[in-house]
Each structure stands twice: as structure tokens, then as C-alpha cells.
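The block underneath contains the structure these notes are about, expressed in C-alpha cells.
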Amino acid sequence: MSDAPKVVGFVCDWSVDLAPLLDGGRLRALPNVRIIRIPCSGFMRPSWLEETLNRGADGVFVTGCPYGDCLNREGNYLMRDRLDQLQRRLVRRRIDPARLAMLAHGLHDQEAFLAEVGAFVERLRALPAAAPARPAPTATAATAAEGEGS
Amino acid sequence: MTLATQARPSPETAVRGRYGRFMTALLRGTIRLDTAIHRIYPTDYNPLYYTGGLANLFLLILVLSGLFLFFYYEASLGGAFESVRYITEGVPYGGIIRGIHRYAADAFIVAVLLHLFRNWFTDRYLFSRDNPWISGMFLLVFGGFVGLTGYQLIWDERAQVLTGLFLGMLRAVPAVGEPLARIFIGGAGVSNSTLVRVLFLHVAPASTLYVLLWWHYLRLRHPKIWPPATWVLFSVGLVFLLAGIIPARGETPATPGGRPTGFPMDVFFLLPFWLLNWFAPLFVVALLTVLVVLGFAIPYIGRREHPEAMSVRHAGVAQVIDGNCTGCELCYYDCPYNAIIMVPSPAPGLSRAAANRTLLAVVLESRCVECGICVGACPFEALELPAFLERDVRQAVAEAVRA
């Protein structure tokens, strides 16, 4: 587990059916991926994603329904836009925007979902470890480099 | 313990009884169909995501072609069929336009039914989404009736049989049936004034469809009322092609006093009349009434899941944190249901950012579907879902990043 990137996924409850994939809040196939269920992908506030990265996660992704099929019509489009904005903001804060991802999968797309999450994890593995601006979750003095972070 | 970290109920316990299991199976089947379509089209182009927009497109085609037909149509017993024949044979491209009107009507009702079933099976009527549902049922009833009167307008043999059958159904209704039938045909029997009324009953409810559509869209912000350009072109091309290949013509004129016994069936509009082959008119009327009443009742009967089993889906109506709201309107723009309105701020907010606000966001509880999109839109921590607070999200994140 030590070399596997720590990933947190926020998954819309209407999108991928995770019941067969989950094992105590983690994906059985990828135990380094923790899942948090949310009512709609549009529920995610971008600052929470940034905070998750700052608290020590190596990668964060949000999963919504396929584009065009959001139960609330717009949640996944809105989230995609907010994620784009957040990625631009992350660049300014010297956090690699590749640590964020937006996925869109339907109820039965478990295989595609796992494959895409797997690819995301592989991309994270290839990234240079802990960017300098990111404080380690346990380090107390690391916030000094992080004036604009919250 | 937050909602998010609770063990998710298995599908077996989440649904209640046979109805719940059946609806879950339909939901899964509907989305499995999408999965199959996505092997061919990108998700944005899945035609089943645009059934409402397609119905709207076909309605516009119907209005435009109907206007053309209206110029030539003569609403009288003697002249109706002749004017239709003149449109088909005498007017340049008249036959094509007639065909377009005919096939667009079929496509319209197909799109409407697909729209109905898809939104029913995928739970898009839950919580306060009943407004589009009820207006949609009105649209279906009005649309079906417009189809019936459209078939009567041609005044061929089929129209004659249909009128007889429809009058039979009306008269079978106890107490009000006979007067209704009298109003419908404008007298004791079919006369010259009948077709004038039928023409009115074709055009007026069709115009009413647009009023109902306004109601249909009322609670939706950015409704998808138009399909992607490729599907517009495809649909327009399809009705043109059909109108060219299988023209609408060859009807036999109605004969006064004639008693034709059969007619070419149209599965899209005339299905209730097909039932008359086996059942008494009163039974068919009762069946239709029950179906429509059940349709209207769908949002209010048989919730598939009880609130506890809905877990994170049932997180409560969004609440505005008065002290933090800056009146920036971001939630107001993002709410897909027009559930958030901006009102003049009665008092300044408590946070520094909210100190100089002029507006305050207010959530209309009766319109909120608990999706939380406003929570994600708010950069000032001024919105919360009661059962899934920001604190809960942070706690879930803390648990997730811990070792």
C-alpha cells in the first residue's frame, strides 16, 4: 500500500452502482481508492476537493452520470466546469491539476468505471511524488509555503 | 456517523415489495438500454436523452405543416374530403406536406411516450418534480385527443367509423354522455357543423399544447427543449423521406349513411378504438379514465424507497446560512429547478464577505429536490443539506485520507 497513491473518489449515488464493487468504503479491485457517496456530482464544492488534496490525498476524482443523463439535468456539466476552473486555480497554487479528474459513468458501467479509475491511479503513480507546495498531512510547519491555500 | 459513511443498503432492502422491485428492474433495464446505445453514439447524442426535445421538434413540424394544410382545408361534410384530395393532388407538394403532418404526428406521440416511460422509470418524478409530470400528463391527453380529431378531419371512411365509435364511447358515459356527444357533433346527428367543431377541436387543443409546455418548463432552469443538430436533421429528413416514399393518400371518401365496418389501424393514436373490438364502450372509457388517473397519481403513490433507505439521496431541503450569504446569485443560476430566488437582503450578513450584500438567497422548499447542486455552487459556505452537512463531508474526507 505504501507506494500506491492515496485516492479519494466522490461518486454520485445515481451513477455507477458501487454495491458490488465496494468493500468497506474502498474499491475491492483498487484498495487504495476510498469512495464517498454524494447525492449528485454537482453537490461537490471545489474547495472540498482542494482540501482533500491538501490533507494528503494524492488524487481526487468526482463521478457523475453520463453527460446528458444527470438526474438533475445539469449536475455533471456544472461539476465539469467547476473542475476546469479548480484545475486552473491549482496550477497557480503549484499543485498538479492532473491530480483531479471528472468521470461520468452510468449505473451499469462498473467495468468502464474501474478501468478509468485504474488509469487515473496509474497516471498519479507516474507523477512526481508530493509536489513541493503540498504539505504532508502530518507535517505541522508545512503550511508556511501555503499562504494562499485554505 | 454521516450518511456517506453508512453502509449502503443493498438493493434488496432499499426497495419495498413487488412494486419497488419491479420499478428497480425497469430502472436498470432503461439504463442498460442506454449502455447499448452508447456503444454507437457518444452519451451527449443518445436520442433517448432528448425525447422531450424531439417531441418539441415534431410539434413544431406539425404546427408549420398544419398551417399550410389549414389554408386549403374546408370544414364541411361535402367539401372536407374534396379539399383534402385537392391538397394531395392539386397543390404543388401538397401530398408531401400532408405526409409530413401525418408522420410527424406519429413520431410526436412516440417521442412523448418514450419521454413518459423514460422519466417514469428513471425516477425523474420524485420529490417536487411533480410539476413537469402533471403538466406532461395533460400534454399527453391533449396530444392524443388532437390526434383523434386529426383523423376525423379527413372525413373518409375511417373518419366516419371513428366518429361513430367515439360518439358511442361518449354516449356510454352515464349522465353527461349524451349532452357531451351533442356538443361534440353540434346537434343530434353528424351535420355540416360537425366538422367545424372537429376543426376547432383539432386546432385549439394543439395550440393549448404550447400553454401546457410553458407549464411543463416552469420549474426547470435551462430545460433541454431541443435535440442536437444531428438529430434535428435526422428527424426532419425522416419525416420528409417517409412522406415521399409512403404518401398519405388513397382514402375512400365517406358516404352519407354508409356503414363501413373496418378501417386501416393506426397504432399510435387509435389504440383505444382497437379495444372496442372486444369490450363495451363504457368499459373502454372506464379503462382510459383509470389509466389517466393512475398516470396523474404516479408521483404521489408508491415511493420506491423509504427515506431511510434512500440514504444520501434524501439529504433534506437545502438551507441557506443567512450569516454567510453574500447575495452573489451563483446558486440562483445553478439551481436546475428554479428553487432558489434572490430577495432584497433584510439585514447585512455576519461574515466579512456578506457584510455589504444587497441580496439574500431563499430556497423555496416546495421546489427543492435535495440534489445539493447549490451547495457545490456556493463558494461562501452559505448553503447546506441538513442530513449531509459540510462538516460531514470534511469528516468523511478525514476518514478517507487517514492511512
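In the C-alpha cells, the first chain shown is A, the next is B, and so on; residue numbers restart at 1 for each chain, and ligands run from 1 in the order shown.
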Exercise answer, chain B residues close to chain A, 6 Å and only C-alpha atoms, as a count of residues only: 12
Backbone DSSP call of alpha helix (DSSP H) for chain A, listed as a PyMOL selection string: chain A and resi 46-54+75-92+110-126
Shell around Ser65 in chain B at 10 Å using only C-alpha atoms, local window under 5 positions removed, as a count of residues only: 12
Surrounding residues of Leu148 in chain B excluding itself and chain neighbours under 3 positions, 9 Å, only C-alpha atoms, as a ChimeraX atom specification: /B:143-145,151-153,162,202,269-270
Any chance you could export the current selection's N, CA and C atoms as a PDB file, in the first residue's frame?
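So result-v9.pdb came out as:
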```pdb
ATOM      1  N   GLY B 143     -52.565  15.849 -26.498  1.00  0.00           N
ATOM      2  CA  GLY B 143     -51.939  15.392 -27.740  1.00  0.00           C
ATOM      3  C   GLY B 143     -52.698  14.234 -28.364  1.00  0.00           C
ATOM      4  N   GLY B 144     -53.121  13.279 -27.535  1.00  0.00           N
ATOM      5  CA  GLY B 144     -53.883  12.145 -28.051  1.00  0.00           C
ATOM      6  C   GLY B 144     -55.200  12.580 -28.654  1.00  0.00           C
ATOM      7  N   PHE B 145     -55.875  13.526 -27.996  1.00  0.00           N
ATOM      8  CA  PHE B 145     -57.161  13.999 -28.498  1.00  0.00           C
ATOM      9  C   PHE B 145     -56.976  14.737 -29.825  1.00  0.00           C
ATOM     10  N   TYR B 151     -57.586  12.697 -37.384  1.00  0.00           N
ATOM     11  CA  TYR B 151     -58.068  11.624 -38.268  1.00  0.00           C
ATOM     12  C   TYR B 151     -59.484  11.885 -38.739  1.00  0.00           C
ATOM     13  N   GLN B 152     -60.287  12.568 -37.881  1.00  0.00           N
ATOM     14  CA  GLN B 152     -61.668  12.836 -38.281  1.00  0.00           C
ATOM     15  C   GLN B 152     -61.743  13.888 -39.383  1.00  0.00           C
ATOM     16  N   LEU B 153     -60.784  14.821 -39.370  1.00  0.00           N
ATOM     17  CA  LEU B 153     -60.857  15.944 -40.313  1.00  0.00           C
ATOM     18  C   LEU B 153     -60.853  15.488 -41.765  1.00  0.00           C
ATOM     19  N   LEU B 162     -64.591   6.208 -37.017  1.00  0.00           N
ATOM     20  CA  LEU B 162     -64.043   6.743 -35.768  1.00  0.00           C
ATOM     21  C   LEU B 162     -65.051   7.623 -35.063  1.00  0.00           C
ATOM     22  N   HIS B 202     -59.374  20.357 -33.184  1.00  0.00           N
ATOM     23  CA  HIS B 202     -58.033  19.950 -33.609  1.00  0.00           C
ATOM     24  C   HIS B 202     -57.044  21.084 -33.354  1.00  0.00           C
ATOM     25  N   PHE B 269     -52.329   6.418 -32.436  1.00  0.00           N
ATOM     26  CA  PHE B 269     -53.382   7.251 -31.873  1.00  0.00           C
ATOM     27  C   PHE B 269     -54.665   6.480 -31.601  1.00  0.00           C
ATOM     28  N   LEU B 270     -54.897   5.425 -32.354  1.00  0.00           N
ATOM     29  CA  LEU B 270     -56.237   4.845 -32.342  1.00  0.00           C
ATOM     30  C   LEU B 270     -56.324   3.560 -31.536  1.00  0.00           C
TER      31      LEU B 270
END
```
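Close contacts of range 169-181 of chain B, defined as residues with an atom at most 10 Å away when counting only C-alpha atoms, with chain neighbours fewer than 4 positions off set aside, comprise Thr163, Gly164, Leu165, Ile185, Gly186, Gly187, Ala188, Gly189, Phe273, Leu276, Ala280, Pro281, Leu282, Phe283, Val284, Val285 and Ala286 of chain B.
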Polymer residues at most 8 Å from range 120-123 of chain B, only C-alpha atoms, same-chain spacing of 5 or more positions, as a list in words: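 Returned residues: Met23, Thr24, Leu26, Leu27 and Thr30 of chain B.
Using only C-alpha atoms, the smallest distance between any of A:Leu30, A:Leu124, A:Val16, A:Ala4 and Ala112 in chain A comes from A:Val16.
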Counting only C-alpha atoms, the residue of A:Leu90, A:Leu103, A:Arg28, A:Tyr77 that sits nearest Val117 in chain A: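 The shortest atom-to-atom distance to Val117 in chain A comes from A:Leu103.
What separates CA of Arg221 in chain B from CA of Cys335 in chain B is a distance of 7.1 Å.
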d(CA of Val198 in chain B, CA of Val146 in chain B) in Å: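 According to the coordinates, CA of Val198 in chain B and CA of Val146 in chain B are separated by 9.5 Å.
Assigned to strand (DSSP E) in range 3-54 of chain A, given DSSP computed from backbone atoms, are Val7, Val8, Gly9, Phe10, Val11, Cys12, Leu22, Asp23, Arg26, Leu27, Val33, Arg34, Ile35, Ile36, Arg37 and Ile38 of chain A.
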